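Quick look at my_file_5.txt (compact mmCIF, C-alpha atoms):
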# COMPACT_ATOMS: atom_id res chain seq x y z
CA MET A 1 -130.01 -30.63 29.02
CA PRO A 2 -130.55 -30.81 25.27
CA ALA A 3 -128.48 -33.24 23.23
CA VAL A 4 -126.36 -32.05 20.34
CA SER A 5 -124.88 -34.15 17.53
CA LEU A 6 -122.45 -32.86 14.99
CA THR A 7 -119.50 -33.92 12.91
CA VAL A 8 -116.20 -32.37 13.93
CA ASN A 9 -113.21 -32.89 11.67
CA GLY A 10 -114.92 -35.91 10.16
CA LYS A 11 -115.79 -37.58 13.46
CA PRO A 12 -119.35 -37.79 14.81
CA VAL A 13 -119.76 -36.23 18.24
CA THR A 14 -122.79 -36.35 20.56
CA ALA A 15 -123.14 -34.63 23.92
CA ASP A 16 -125.67 -33.26 26.37
CA VAL A 17 -125.01 -29.55 26.76
CA ASP A 18 -126.18 -26.50 28.62
CA PRO A 19 -127.93 -24.55 25.82
CA ARG A 20 -125.73 -21.54 26.65
CA THR A 21 -122.68 -23.40 25.37
CA LEU A 22 -121.02 -21.53 22.54
CA LEU A 23 -119.61 -23.53 19.66
CA VAL A 24 -116.09 -22.41 20.57
CA GLN A 25 -116.56 -23.51 24.20
CA PHE A 26 -117.82 -26.87 23.01
CA LEU A 27 -114.79 -27.33 20.77
CA ARG A 28 -112.24 -26.20 23.33
CA GLU A 29 -113.69 -27.40 26.64
CA HIS A 30 -115.72 -30.48 25.71
CA LEU A 31 -113.66 -31.81 22.82
CA ARG A 32 -110.33 -30.33 23.95
CA LEU A 33 -109.70 -29.00 20.46
CA THR A 34 -107.83 -25.96 21.71
CA GLY A 35 -106.46 -24.87 18.34
CA THR A 36 -109.49 -22.61 17.93
CA HIS A 37 -108.84 -19.54 20.05
CA VAL A 38 -110.95 -16.98 21.85
CA GLY A 39 -109.49 -13.51 21.40
CA CYS A 40 -112.02 -10.73 21.81
CA ASP A 41 -115.14 -12.83 22.47
CA THR A 42 -117.12 -10.06 20.71
CA SER A 43 -117.09 -11.32 17.08
CA GLN A 44 -114.46 -8.84 15.97
CA CYS A 45 -111.04 -10.50 16.10
CA GLY A 46 -111.62 -13.75 14.20
CA ALA A 47 -109.32 -15.95 16.32
CA CYS A 48 -112.30 -18.30 16.73
CA VAL A 49 -113.05 -18.76 13.01
CA ILE A 50 -113.93 -22.33 12.04
CA HIS A 51 -115.88 -23.72 9.10
CA LEU A 52 -119.51 -24.68 9.73
CA ASP A 53 -121.09 -26.55 6.84
CA GLY A 54 -118.31 -25.33 4.58
CA VAL A 55 -118.29 -21.62 5.40
CA ALA A 56 -116.18 -19.52 7.77
CA VAL A 57 -118.03 -18.68 10.96
CA LYS A 58 -117.10 -16.98 14.24
CA SER A 59 -117.57 -19.80 16.71
CA CYS A 60 -117.67 -17.40 19.68
CA THR A 61 -120.94 -16.00 18.33
CA THR A 62 -122.68 -19.28 17.56
CA LEU A 63 -124.44 -21.56 20.01
CA VAL A 64 -123.43 -25.18 19.67
CA MET A 65 -127.16 -25.92 19.37
CA GLN A 66 -127.23 -23.85 16.18
CA ALA A 67 -124.62 -26.21 14.76
CA ASP A 68 -126.66 -29.30 15.68
CA GLY A 69 -126.51 -31.77 12.80
CA GLY A 70 -123.82 -29.68 11.13
CA ASN A 71 -120.35 -30.32 9.88
CA VAL A 72 -117.52 -28.47 11.63
CA LEU A 73 -113.93 -28.16 10.46
CA THR A 74 -111.33 -26.71 12.84
CA ILE A 75 -107.64 -26.00 12.38
CA GLU A 76 -106.92 -29.49 13.77
CA GLY A 77 -108.89 -31.07 10.91
CA LEU A 78 -107.23 -29.17 8.09
CA ALA A 79 -104.45 -31.76 7.65
CA ALA A 80 -103.95 -35.27 9.04
CA ALA A 81 -101.94 -35.29 12.29
CA ASP A 82 -99.25 -37.55 10.86
CA GLY A 83 -99.22 -36.10 7.34
CA PRO A 84 -97.87 -32.93 5.74
CA LEU A 85 -99.34 -29.53 6.59
CA HIS A 86 -102.25 -28.13 4.56
CA PRO A 87 -100.85 -25.90 1.76
CA MET A 88 -102.16 -22.81 3.54
CA GLN A 89 -100.49 -23.80 6.82
CA GLU A 90 -97.28 -24.54 4.92
CA ALA A 91 -97.46 -21.10 3.27
CA PHE A 92 -97.83 -19.42 6.69
CA ARG A 93 -94.72 -21.34 7.86
CA GLU A 94 -92.72 -20.58 4.72
CA ASN A 95 -93.57 -16.86 4.73
CA HIS A 96 -93.33 -16.45 8.47
CA GLY A 97 -96.99 -15.37 8.46
CA LEU A 98 -97.15 -15.28 12.23
CA GLN A 99 -95.46 -13.66 15.18
CA CYS A 100 -97.04 -14.74 18.46
CA GLY A 101 -99.34 -17.15 16.63
CA PHE A 102 -102.49 -16.45 18.60
CA CYS A 103 -104.51 -15.24 15.63
CA THR A 104 -103.04 -17.83 13.25
CA PRO A 105 -105.69 -20.59 13.44
CA GLY A 106 -108.42 -18.05 12.62
CA MET A 107 -106.27 -16.47 9.91
CA VAL A 108 -105.66 -19.85 8.26
CA MET A 109 -109.34 -20.89 8.42
CA THR A 110 -110.39 -17.51 7.01
CA ALA A 111 -107.75 -17.80 4.28
CA VAL A 112 -108.98 -21.23 3.19
CA ASP A 113 -112.55 -19.90 3.06
CA MET A 114 -111.30 -16.88 1.08
CA VAL A 115 -109.86 -19.22 -1.55
CA ARG A 116 -113.19 -21.07 -1.74
CA ARG A 117 -115.00 -17.79 -2.42
CA LYS A 118 -112.47 -15.77 -4.38
CA GLY A 119 -110.30 -18.34 -6.14
CA ASN A 120 -106.58 -19.11 -6.17
CA ASP A 121 -105.28 -15.84 -7.58
CA LEU A 122 -105.68 -13.33 -4.81
CA ASP A 123 -104.25 -9.84 -5.07
CA GLU A 124 -103.08 -7.93 -2.04
CA ARG A 125 -106.08 -5.61 -1.97
CA THR A 126 -108.57 -8.49 -2.02
CA ILE A 127 -106.72 -10.30 0.74
CA ARG A 128 -106.57 -7.21 2.93
CA GLU A 129 -110.25 -6.48 2.40
CA GLU A 130 -111.24 -10.05 3.09
CA LEU A 131 -109.20 -10.06 6.30
CA ASP A 132 -111.55 -7.41 7.66
CA GLY A 133 -112.78 -9.76 10.37
CA ASN A 134 -109.40 -11.06 11.56
CA LEU A 135 -107.13 -9.01 13.77
CA CYS A 136 -103.43 -9.61 14.42
CA ARG A 137 -102.34 -7.80 17.55
CA CYS A 138 -98.68 -8.19 16.60
CA THR A 139 -99.70 -6.22 13.47
CA GLY A 140 -97.93 -8.84 11.38
CA TYR A 141 -100.22 -8.36 8.43
CA HIS A 142 -97.53 -7.96 5.80
CA ASN A 143 -96.38 -11.56 5.98
CA ILE A 144 -99.90 -12.86 6.59
CA VAL A 145 -100.97 -11.30 3.30
CA LYS A 146 -97.93 -12.79 1.55
CA ALA A 147 -98.65 -16.19 3.08
CA ILE A 148 -102.28 -16.16 1.98
CA ALA A 149 -101.38 -15.23 -1.61
CA ALA A 150 -98.82 -18.07 -1.69
CA GLY A 151 -101.12 -20.54 0.06
CA ALA A 152 -103.97 -19.78 -2.33
CA LYS A 153 -101.70 -20.55 -5.29
CA ALA A 154 -100.40 -23.72 -3.63
CA MET A 155 -103.97 -24.93 -3.03
CA LYS A 156 -104.49 -24.99 -6.79
CA ALA A 157 -101.74 -27.53 -7.28
CA MET B 1 -125.04 -15.50 29.58
CA TYR B 2 -128.02 -16.02 31.84
CA GLU B 3 -129.80 -19.34 31.65
CA PHE B 4 -132.50 -19.85 29.05
CA LYS B 5 -134.57 -22.65 27.62
CA TYR B 6 -133.66 -23.52 24.04
CA GLN B 7 -136.48 -24.12 21.56
CA ARG B 8 -136.23 -25.11 17.95
CA PRO B 9 -139.68 -24.98 16.33
CA GLY B 10 -140.28 -26.37 12.86
CA THR B 11 -142.78 -23.75 11.76
CA VAL B 12 -143.40 -20.02 12.18
CA ARG B 13 -146.73 -20.84 13.81
CA GLN B 14 -145.04 -22.92 16.51
CA ALA B 15 -142.51 -20.15 17.07
CA ALA B 16 -145.29 -17.56 17.33
CA ASN B 17 -147.16 -19.72 19.85
CA ILE B 18 -144.15 -19.93 22.14
CA LEU B 19 -143.52 -16.20 21.74
CA ALA B 20 -147.15 -15.27 22.42
CA LYS B 21 -147.18 -17.22 25.71
CA ASP B 22 -143.93 -15.81 27.07
CA GLU B 23 -143.09 -12.15 26.76
CA ASP B 24 -139.50 -12.79 27.86
CA ALA B 25 -138.85 -15.25 25.02
CA LYS B 26 -136.65 -14.07 22.15
CA ILE B 27 -136.33 -15.11 18.54
CA LEU B 28 -132.85 -16.24 17.43
CA ALA B 29 -132.11 -15.71 13.73
CA GLY B 30 -128.40 -15.55 12.87
CA GLY B 31 -127.53 -14.61 16.44
CA HIS B 32 -124.99 -11.96 15.54
CA SER B 33 -126.72 -9.22 17.50
CA LEU B 34 -128.62 -11.21 20.12
CA LEU B 35 -125.81 -13.50 21.27
CA PRO B 36 -123.30 -10.66 21.88
CA THR B 37 -125.99 -8.82 23.86
CA MET B 38 -126.67 -11.94 25.92
CA LYS B 39 -122.96 -12.53 26.51
CA LEU B 40 -122.75 -9.03 27.99
CA ARG B 41 -125.79 -9.89 30.13
CA LEU B 42 -127.64 -6.96 28.61
CA ALA B 43 -130.45 -9.34 27.62
CA LYS B 44 -131.98 -12.06 29.74
CA PRO B 45 -134.40 -14.03 27.59
CA SER B 46 -136.29 -16.84 29.33
CA GLN B 47 -136.42 -18.85 26.12
CA ILE B 48 -134.50 -18.74 22.87
CA ILE B 49 -136.61 -19.65 19.86
CA ASP B 50 -134.18 -20.64 17.11
CA LEU B 51 -135.64 -20.15 13.62
CA GLY B 52 -132.71 -22.00 12.07
CA ARG B 53 -134.80 -25.05 11.18
CA VAL B 54 -137.94 -23.32 9.92
CA GLU B 55 -138.17 -24.05 6.22
CA GLY B 56 -138.89 -21.50 3.53
CA LEU B 57 -137.69 -18.40 5.36
CA ASN B 58 -134.57 -17.80 3.29
CA THR B 59 -135.97 -17.47 -0.22
CA ILE B 60 -135.06 -14.56 -2.46
CA GLU B 61 -137.39 -13.97 -5.38
CA LEU B 62 -138.50 -11.48 -7.94
CA LYS B 63 -142.24 -10.79 -7.65
CA GLY B 64 -143.57 -8.37 -10.23
CA ARG B 65 -141.75 -5.10 -9.61
CA SER B 66 -140.41 -6.13 -6.23
CA VAL B 67 -137.64 -8.22 -4.76
CA VAL B 68 -138.91 -10.28 -1.83
CA ILE B 69 -136.33 -11.52 0.66
CA GLY B 70 -137.03 -14.11 3.36
CA ALA B 71 -136.26 -13.06 6.93
CA MET B 72 -133.63 -15.78 7.41
CA ALA B 73 -131.69 -14.91 4.24
CA ARG B 74 -128.09 -14.39 5.33
CA HIS B 75 -126.22 -11.24 4.29
CA VAL B 76 -124.00 -13.36 2.02
CA ASP B 77 -127.10 -14.80 0.29
CA VAL B 78 -128.41 -11.31 -0.50
CA ALA B 79 -124.97 -10.03 -1.55
CA ASN B 80 -124.46 -12.94 -3.96
CA SER B 81 -128.03 -13.47 -5.15
CA PRO B 82 -128.25 -13.24 -8.97
CA VAL B 83 -131.82 -11.94 -8.56
CA VAL B 84 -130.78 -9.10 -6.26
CA LYS B 85 -127.62 -8.26 -8.22
CA GLU B 86 -129.59 -8.02 -11.45
CA ALA B 87 -132.70 -6.19 -10.21
CA PHE B 88 -131.17 -4.25 -7.38
CA PRO B 89 -127.39 -3.93 -7.28
CA ALA B 90 -127.56 -1.29 -4.52
CA LEU B 91 -129.12 -3.79 -2.14
CA ALA B 92 -126.54 -6.47 -2.96
CA ASP B 93 -123.81 -3.87 -2.38
CA LEU B 94 -125.24 -2.98 1.00
CA ALA B 95 -125.48 -6.61 2.12
CA GLY B 96 -121.88 -7.12 0.97
CA VAL B 97 -120.47 -4.42 3.27
CA ILE B 98 -122.16 -5.53 6.50
CA GLY B 99 -119.65 -6.62 9.16
CA ASP B 100 -117.00 -8.97 7.77
CA PRO B 101 -117.14 -12.16 5.67
CA ALA B 102 -117.71 -14.51 8.64
CA VAL B 103 -120.42 -12.25 10.05
CA ARG B 104 -122.14 -12.16 6.65
CA HIS B 105 -122.23 -15.96 6.66
CA ARG B 106 -124.49 -15.91 9.74
CA GLY B 107 -126.30 -12.58 10.09
CA THR B 108 -129.80 -12.31 8.60
CA ILE B 109 -131.94 -9.49 7.24
CA GLY B 110 -134.84 -10.35 9.56
CA GLY B 111 -132.60 -10.33 12.60
CA SER B 112 -131.07 -7.01 11.66
CA LEU B 113 -134.48 -5.38 11.16
CA ALA B 114 -136.07 -6.83 14.29
CA ASN B 115 -133.11 -5.61 16.34
CA ASN B 116 -133.00 -2.17 14.67
CA ASP B 117 -129.53 -1.27 15.86
CA PRO B 118 -129.07 2.47 15.21
CA ASN B 119 -125.81 1.70 13.37
CA ALA B 120 -127.06 -1.24 11.29
CA ASP B 121 -127.09 -1.09 7.48
CA TYR B 122 -130.37 -2.74 6.48
CA PRO B 123 -132.65 -0.14 8.11
CA ALA B 124 -131.22 2.43 5.66
CA ALA B 125 -132.22 0.28 2.68
CA VAL B 126 -135.67 -0.52 4.05
CA LEU B 127 -136.49 3.12 4.80
CA GLY B 128 -134.56 4.41 1.80
CA LEU B 129 -136.61 2.27 -0.58
CA GLY B 130 -139.98 2.41 1.16
CA ALA B 131 -139.93 -1.37 1.61
CA THR B 132 -142.65 -3.37 3.36
CA ILE B 133 -142.00 -5.62 6.34
CA ILE B 134 -144.20 -8.70 6.14
CA THR B 135 -144.81 -10.45 9.46
CA ASN B 136 -146.86 -13.48 10.49
CA LYS B 137 -149.69 -11.03 11.23
CA ARG B 138 -149.57 -8.09 8.82
CA ARG B 139 -147.68 -5.84 6.42
CA ILE B 140 -145.87 -2.85 7.88
CA ALA B 141 -144.68 0.06 5.73
CA ALA B 142 -141.09 1.14 6.36
CA ASP B 143 -142.25 4.62 7.37
CA ASP B 144 -144.30 3.07 10.21
CA TYR B 145 -141.85 0.38 11.23
CA PHE B 146 -138.82 2.09 12.81
CA LYS B 147 -139.70 3.52 16.20
CA GLY B 148 -136.31 4.68 17.47
CA MET B 149 -133.18 3.05 18.79
CA PHE B 150 -133.66 -0.76 19.07
CA ASP B 151 -137.42 -0.19 18.85
CA THR B 152 -139.81 -1.24 16.10
CA ALA B 153 -143.54 -1.54 15.41
CA LEU B 154 -143.33 -5.31 16.02
CA GLU B 155 -145.82 -6.45 18.64
CA PRO B 156 -145.44 -9.32 21.09
CA GLY B 157 -145.81 -12.60 19.20
CA GLU B 158 -145.01 -10.96 15.88
CA ILE B 159 -142.26 -12.43 13.69
CA ILE B 160 -140.80 -10.99 10.48
CA ILE B 161 -141.33 -13.45 7.61
CA LYS B 162 -140.04 -11.46 4.65
CA VAL B 163 -139.24 -8.03 3.35
CA GLN B 164 -140.59 -6.68 0.08
CA PHE B 165 -138.43 -4.10 -1.68
CA PRO B 166 -139.98 -2.19 -4.59
CA ILE B 167 -137.39 -1.99 -7.35
CA ALA B 168 -136.02 1.52 -7.74
CA LYS B 169 -134.60 2.67 -11.03
CA LYS B 170 -131.83 4.51 -9.29
CA ALA B 171 -130.44 3.58 -5.90
CA ALA B 172 -127.13 3.45 -4.06
CA TYR B 173 -125.73 3.04 -0.56
CA GLU B 174 -122.62 4.72 0.78
CA LYS B 175 -121.24 3.97 4.18
CA PHE B 176 -118.54 5.50 6.33
CA LYS B 177 -117.50 2.43 8.20
CA HIS B 178 -116.30 2.30 11.76
CA PRO B 179 -112.86 0.75 11.25
CA ALA B 180 -113.09 -1.71 14.14
CA SER B 181 -116.71 -2.79 14.32
CA GLY B 182 -117.64 -2.41 10.66
CA PHE B 183 -120.87 -0.73 11.70
CA ALA B 184 -121.96 2.43 9.91
CA LEU B 185 -120.68 5.58 11.56
CA VAL B 186 -122.87 7.14 8.89
CA GLY B 187 -124.59 5.28 6.06
CA VAL B 188 -126.83 6.91 3.47
CA PHE B 189 -129.20 5.12 1.11
CA VAL B 190 -130.65 7.15 -1.76
CA SER B 191 -133.30 6.02 -4.22
CA LYS B 192 -135.54 7.32 -6.96
CA ARG B 193 -138.63 5.42 -8.01
CA GLY B 194 -140.81 7.54 -10.26
CA SER B 195 -141.52 10.67 -8.23
CA ASP B 196 -140.73 8.95 -4.93
CA ILE B 197 -137.31 10.16 -3.83
CA ARG B 198 -135.84 8.93 -0.59
CA VAL B 199 -132.71 9.68 1.39
CA ALA B 200 -132.37 7.50 4.49
CA VAL B 201 -129.57 7.77 7.03
CA THR B 202 -128.34 5.15 9.48
CA GLY B 203 -125.64 5.42 12.13
CA ALA B 204 -125.87 9.16 12.58
CA GLY B 205 -129.16 9.77 14.36
CA SER B 206 -129.47 9.26 18.09
CA ASN B 207 -132.95 7.88 17.45
CA GLY B 208 -132.04 5.40 14.74
CA VAL B 209 -132.62 5.55 11.00
CA PHE B 210 -134.27 8.69 9.58
CA ARG B 211 -135.11 10.42 6.28
CA VAL B 212 -133.61 13.73 5.21
CA THR B 213 -136.60 15.55 3.80
CA SER B 214 -134.63 18.69 2.94
CA PHE B 215 -132.35 16.63 0.65
CA GLU B 216 -135.33 14.77 -0.82
CA GLU B 217 -137.04 18.07 -1.71
CA ALA B 218 -133.90 19.45 -3.32
CA LEU B 219 -133.47 16.24 -5.34
CA LYS B 220 -136.93 16.50 -6.88
CA LYS B 221 -135.63 18.89 -9.52
CA ARG B 222 -132.70 16.75 -10.42
CA PHE B 223 -131.50 13.49 -8.85
CA SER B 224 -127.83 14.44 -8.77
CA PRO B 225 -125.15 15.29 -6.19
CA LYS B 226 -125.16 18.87 -7.52
CA SER B 227 -128.73 19.37 -6.28
CA ILE B 228 -127.60 19.07 -2.65
CA GLU B 229 -124.17 20.63 -3.01
CA GLY B 230 -123.30 22.68 0.05
CA MET B 231 -126.42 21.51 1.89
CA THR B 232 -126.03 20.32 5.45
CA ILE B 233 -128.29 18.99 8.14
CA PRO B 234 -128.41 20.28 11.71
CA ALA B 235 -126.25 18.53 14.31
CA ASP B 236 -129.20 18.41 16.72
CA GLY B 237 -130.29 14.83 17.27
CA MET B 238 -127.06 13.34 15.90
CA ASN B 239 -125.13 10.74 17.86
CA ALA B 240 -121.97 11.88 19.58
CA ASP B 241 -119.37 9.56 21.07
CA ILE B 242 -115.63 8.95 21.09
CA HIS B 243 -115.80 7.96 17.42
CA GLY B 244 -117.24 11.24 16.18
CA SER B 245 -119.04 14.37 17.34
CA ALA B 246 -122.60 15.26 16.34
CA GLU B 247 -121.23 17.96 13.98
CA TYR B 248 -118.90 15.45 12.34
CA ARG B 249 -121.71 12.99 11.78
CA ALA B 250 -124.00 15.70 10.40
CA HIS B 251 -121.26 16.71 7.97
CA LEU B 252 -120.76 13.08 6.92
CA VAL B 253 -124.47 12.74 6.10
CA GLY B 254 -124.03 15.33 3.32
CA VAL B 255 -120.80 13.78 2.09
CA MET B 256 -122.18 10.24 2.01
CA ALA B 257 -125.43 11.39 0.38
CA ARG B 258 -123.49 13.09 -2.43
CA ARG B 259 -121.28 10.02 -2.92
CA ALA B 260 -124.34 7.77 -3.05
CA LEU B 261 -126.02 10.07 -5.57
CA ALA B 262 -122.90 10.04 -7.73
CA ARG B 263 -123.07 6.24 -7.84
CA ALA B 264 -126.84 5.84 -8.20
Taking this structure as input, can you express it in the form of structure tokens?
Amino acid sequence: MPAVSLTVNGKPVTADVDPRTLLVQFLREHLRLTGTHVGCDTSQCGACVIHLDGVAVKSCTTLVMQADGGNVLTIEGLAAADGPLHPMQEAFRENHGLQCGFCTPGMVMTAVDMVRRKGNDLDERTIREELDGNLCRCTGYHNIVKAIAAGAKAMKA
Amino acid sequence: MYEFKYQRPGTVRQAANILAKDEDAKILAGGHSLLPTMKLRLAKPSQIIDLGRVEGLNTIELKGRSVVIGAMARHVDVANSPVVKEAFPALADLAGVIGDPAVRHRGTIGGSLANNDPNADYPAAVLGLGATIITNKRRIAADDYFKGMFDTALEPGEIIIKVQFPIAKKAAYEKFKHPASGFALVGVFVSKRGSDIRVAVTGAGSNGVFRVTSFEEALKKRFSPKSIEGMTIPADGMNADIHGSAEYRAHLVGVMARRALARA
């Protein structure tokens, strides 16, 4: 079995893996980082979005071997476990940007990436367009959009 | 997924050697078409040859009157490239509407063209601009490259290295997007380069991307939506599924072509 080495949430990780292992499987089943979810498993819903080398990626459609040597950030790594929430997480809490919460980790990771690409002042249209690859089955988009606009502003501070 | 052996060559030559010796081996570019197919067990490659570490395959450069894009350039790289935006905004636009932001961070132009999904966007640009596919063995003109649904002129052991797009004075892409998948239900690329006028359609045809010669003829007089007003194409040979009938798709070809012409 090939060996894979990568950095996950700042910590180096090395493992021997079946080459079929998807990045999301590796995160959830090998590292027990179960904050990253598998929704559709067909690259459409975005529940599995993480950051690979600084950009948002669907981890259900990436082999862990493709991430070899890379730097992965998951929802668990966004804020220190004993510290305050990341401003985007806080904005989702404040604006009730979730109902069942299943899509939330992917929404938050996509939102943080959106701010990286589009800046801190996001209008509703931009947010909705950029959320193209994230589905909320509770259809709770209204508050998600509000949360992202607020979180983007808070990230500037 | 079925089992496979994972290979990560450092050069195109190494990749080609593995591919030439094993007809069941598959090239992995961004993985956004191949991995879903493998997850559904619709593909059973014996070996996966990951091009992710081959250097020099993701360059984007202006060469004379062409834009040359490396096979491993991601959709986001093409969409944001200052070279492409300046020389060829239509191509940057097209790359920017493929899939969704996370998909664009991984998917590549070479992967899209080698796969030749009948609903993919890039085939419309390649055929609609008369681009040239450059492989490790030869140069293939767009008109000779697409051979039908998921089929191309690529031979065993052949790997796309880059794609050369001649710069067109006027060009635009319009896509009627499937709301869930983001694929083109119908996408039309129009271009005018001197006397060479092209109208290429993706998504609609049951045999993959195709040119609409009747529209091209009509546009010779004047490259404007008015020139093809009221014109339609036959529904024969159009895709039909739960998302749209053949007649609906044929109708959309005219609508999207006129919208693209209005923008070009």
**OP:** Pick out the residues sitting within 12 Å of B:Leu42, and hand them over as a PyMOL selection string; count only C-alpha atoms, and ignore anything fewer than 4 positions along from it in its own chain.
**Re:** chain B and resi 1-2+33-38
Could I get the residues of chain B with an atom no further than 8 Å from an atom of chain A, each paired with its nearest atom pair and that distance in Å to one decimal, using all atoms listed in the file, sorted by chain and residue number, as a Markdown table?
| residue | atom | partner | partner_atom | distance |
| --- | --- | --- | --- | --- |
| B:Met1 | CA | A:Arg20 | CA | 6.7 |
| B:Tyr2 | CA | A:Arg20 | CA | 7.9 |
| B:Glu3 | CA | A:Arg20 | CA | 6.8 |
| B:Phe4 | CA | A:Pro19 | CA | 7.3 |
| B:Lys5 | CA | A:Pro19 | CA | 7.1 |
| B:Tyr6 | CA | A:Pro19 | CA | 6.1 |
| B:Gly31 | CA | A:Thr62 | CA | 6.8 |
| B:His32 | CA | A:Thr61 | CA | 6.4 |
| B:Leu35 | CA | A:Thr61 | CA | 6.2 |
| B:Pro36 | CA | A:Thr42 | CA | 6.3 |
| B:Asp50 | CA | A:Gln66 | CA | 7.7 |
| B:Gly52 | CA | A:Gln66 | CA | 7.1 |
| B:Gly99 | CA | A:Gly133 | CA | 7.6 |
| B:Asp100 | CA | A:Gly133 | CA | 5.0 |
| B:Pro101 | CA | A:Glu130 | CA | 6.8 |
| B:Ala102 | CA | A:Val57 | CA | 4.8 |
| B:Val103 | CA | A:Val57 | CA | 6.9 |
| B:His105 | CA | A:Val57 | CA | 6.6 |
| B:Arg106 | CA | A:Val57 | CA | 7.1 |
| B:Ala180 | CA | A:Gln44 | CA | 7.5 |
| B:Ser181 | CA | A:Gln44 | CA | 6.7 |
Original post:
B:Thr11: which residues within 9 Å, counting all atoms listed in the file, same-chain residues fewer than 6 positions away excluded, as a PyMOL selection string?
Top reply: chain B and resi 51+53-55
Original post:
In Å to one decimal, how far is atom CA of B:Thr132 from atom CA of B:Thr108?
Top reply: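 So the answer is 16.5 Å.
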Original post:
Excluding same-chain residues fewer than 3 positions from stretch 6-13 of chain A, what lies within 6 Å of it counting all atoms listed in the file, as a ChimeraX atom specification?
Top reply: /A:68-73,77
Original post:
If we count all atoms listed in the file, what is near A:Arg93 at a cut-off of 12 Å, once residues fewer than 4 positions away on the same chain are taken out, given as a list of chain:residue names?
Top reply: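 Answer for this query is A:Leu85, A:His86, A:Pro87, A:Met88, A:Gln89, A:Gly97, A:Leu98, A:Gln99, A:Gly101, A:Thr104, A:Val108, A:Asn143, A:Ile144, A:Lys146, A:Ala147, A:Ile148, A:Ala150, A:Gly151.
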**OP:** May I have the residues within 10 Å of B:Leu19 as JSON, numbers by chain, using only C-alpha atoms and disregarding those fewer than 6 positions away in the same chain?
**Re:** {"B": [13, 25, 26, 27, 47, 48, 49, 156, 157, 158, 159]}
Subject >> Radius query 12 Å about (-130.5, 4.1, 13.9), atoms used: all atoms listed in the file, as JSON, numbers by chain >> reply: {"B": [112, 113, 115, 116, 117, 118, 119, 120, 121, 122, 123, 124, 125, 127, 146, 147, 148, 149, 150, 151, 152, 183, 184, 185, 186, 187, 188, 200, 201, 202, 203, 204, 205, 206, 207, 208, 209, 210, 211, 237, 238, 239]}
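The space between atom CA of A:Glu29 and atom CA of A:Cys103 spans 18.8 Å.
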Enclose all atoms of stretch 162-172 of chain B listed in the file in an axis-aligned box, grow every side by 3 Å, and hand back centre and edge lengths in Å to one decimal, as AutoDock Vina command-line options.
--center_x -133.9 --center_y -3.5 --center_z -3.2 --size_x 19.5 --size_y 22.0 --size_z 21.7
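Distance cut-off 6 Å, centre (-136.7, 4.9, -0.5), atoms counted all atoms listed in the file; the residues meeting this are Leu127, Gly128, Leu129, Gly130, Ser191 and Arg198 of chain B.
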**OP:** Work out how far atom CA of B:Ala142 is from atom CA of B:His243, in Å to one decimal.
**Re:** 28.4 Å
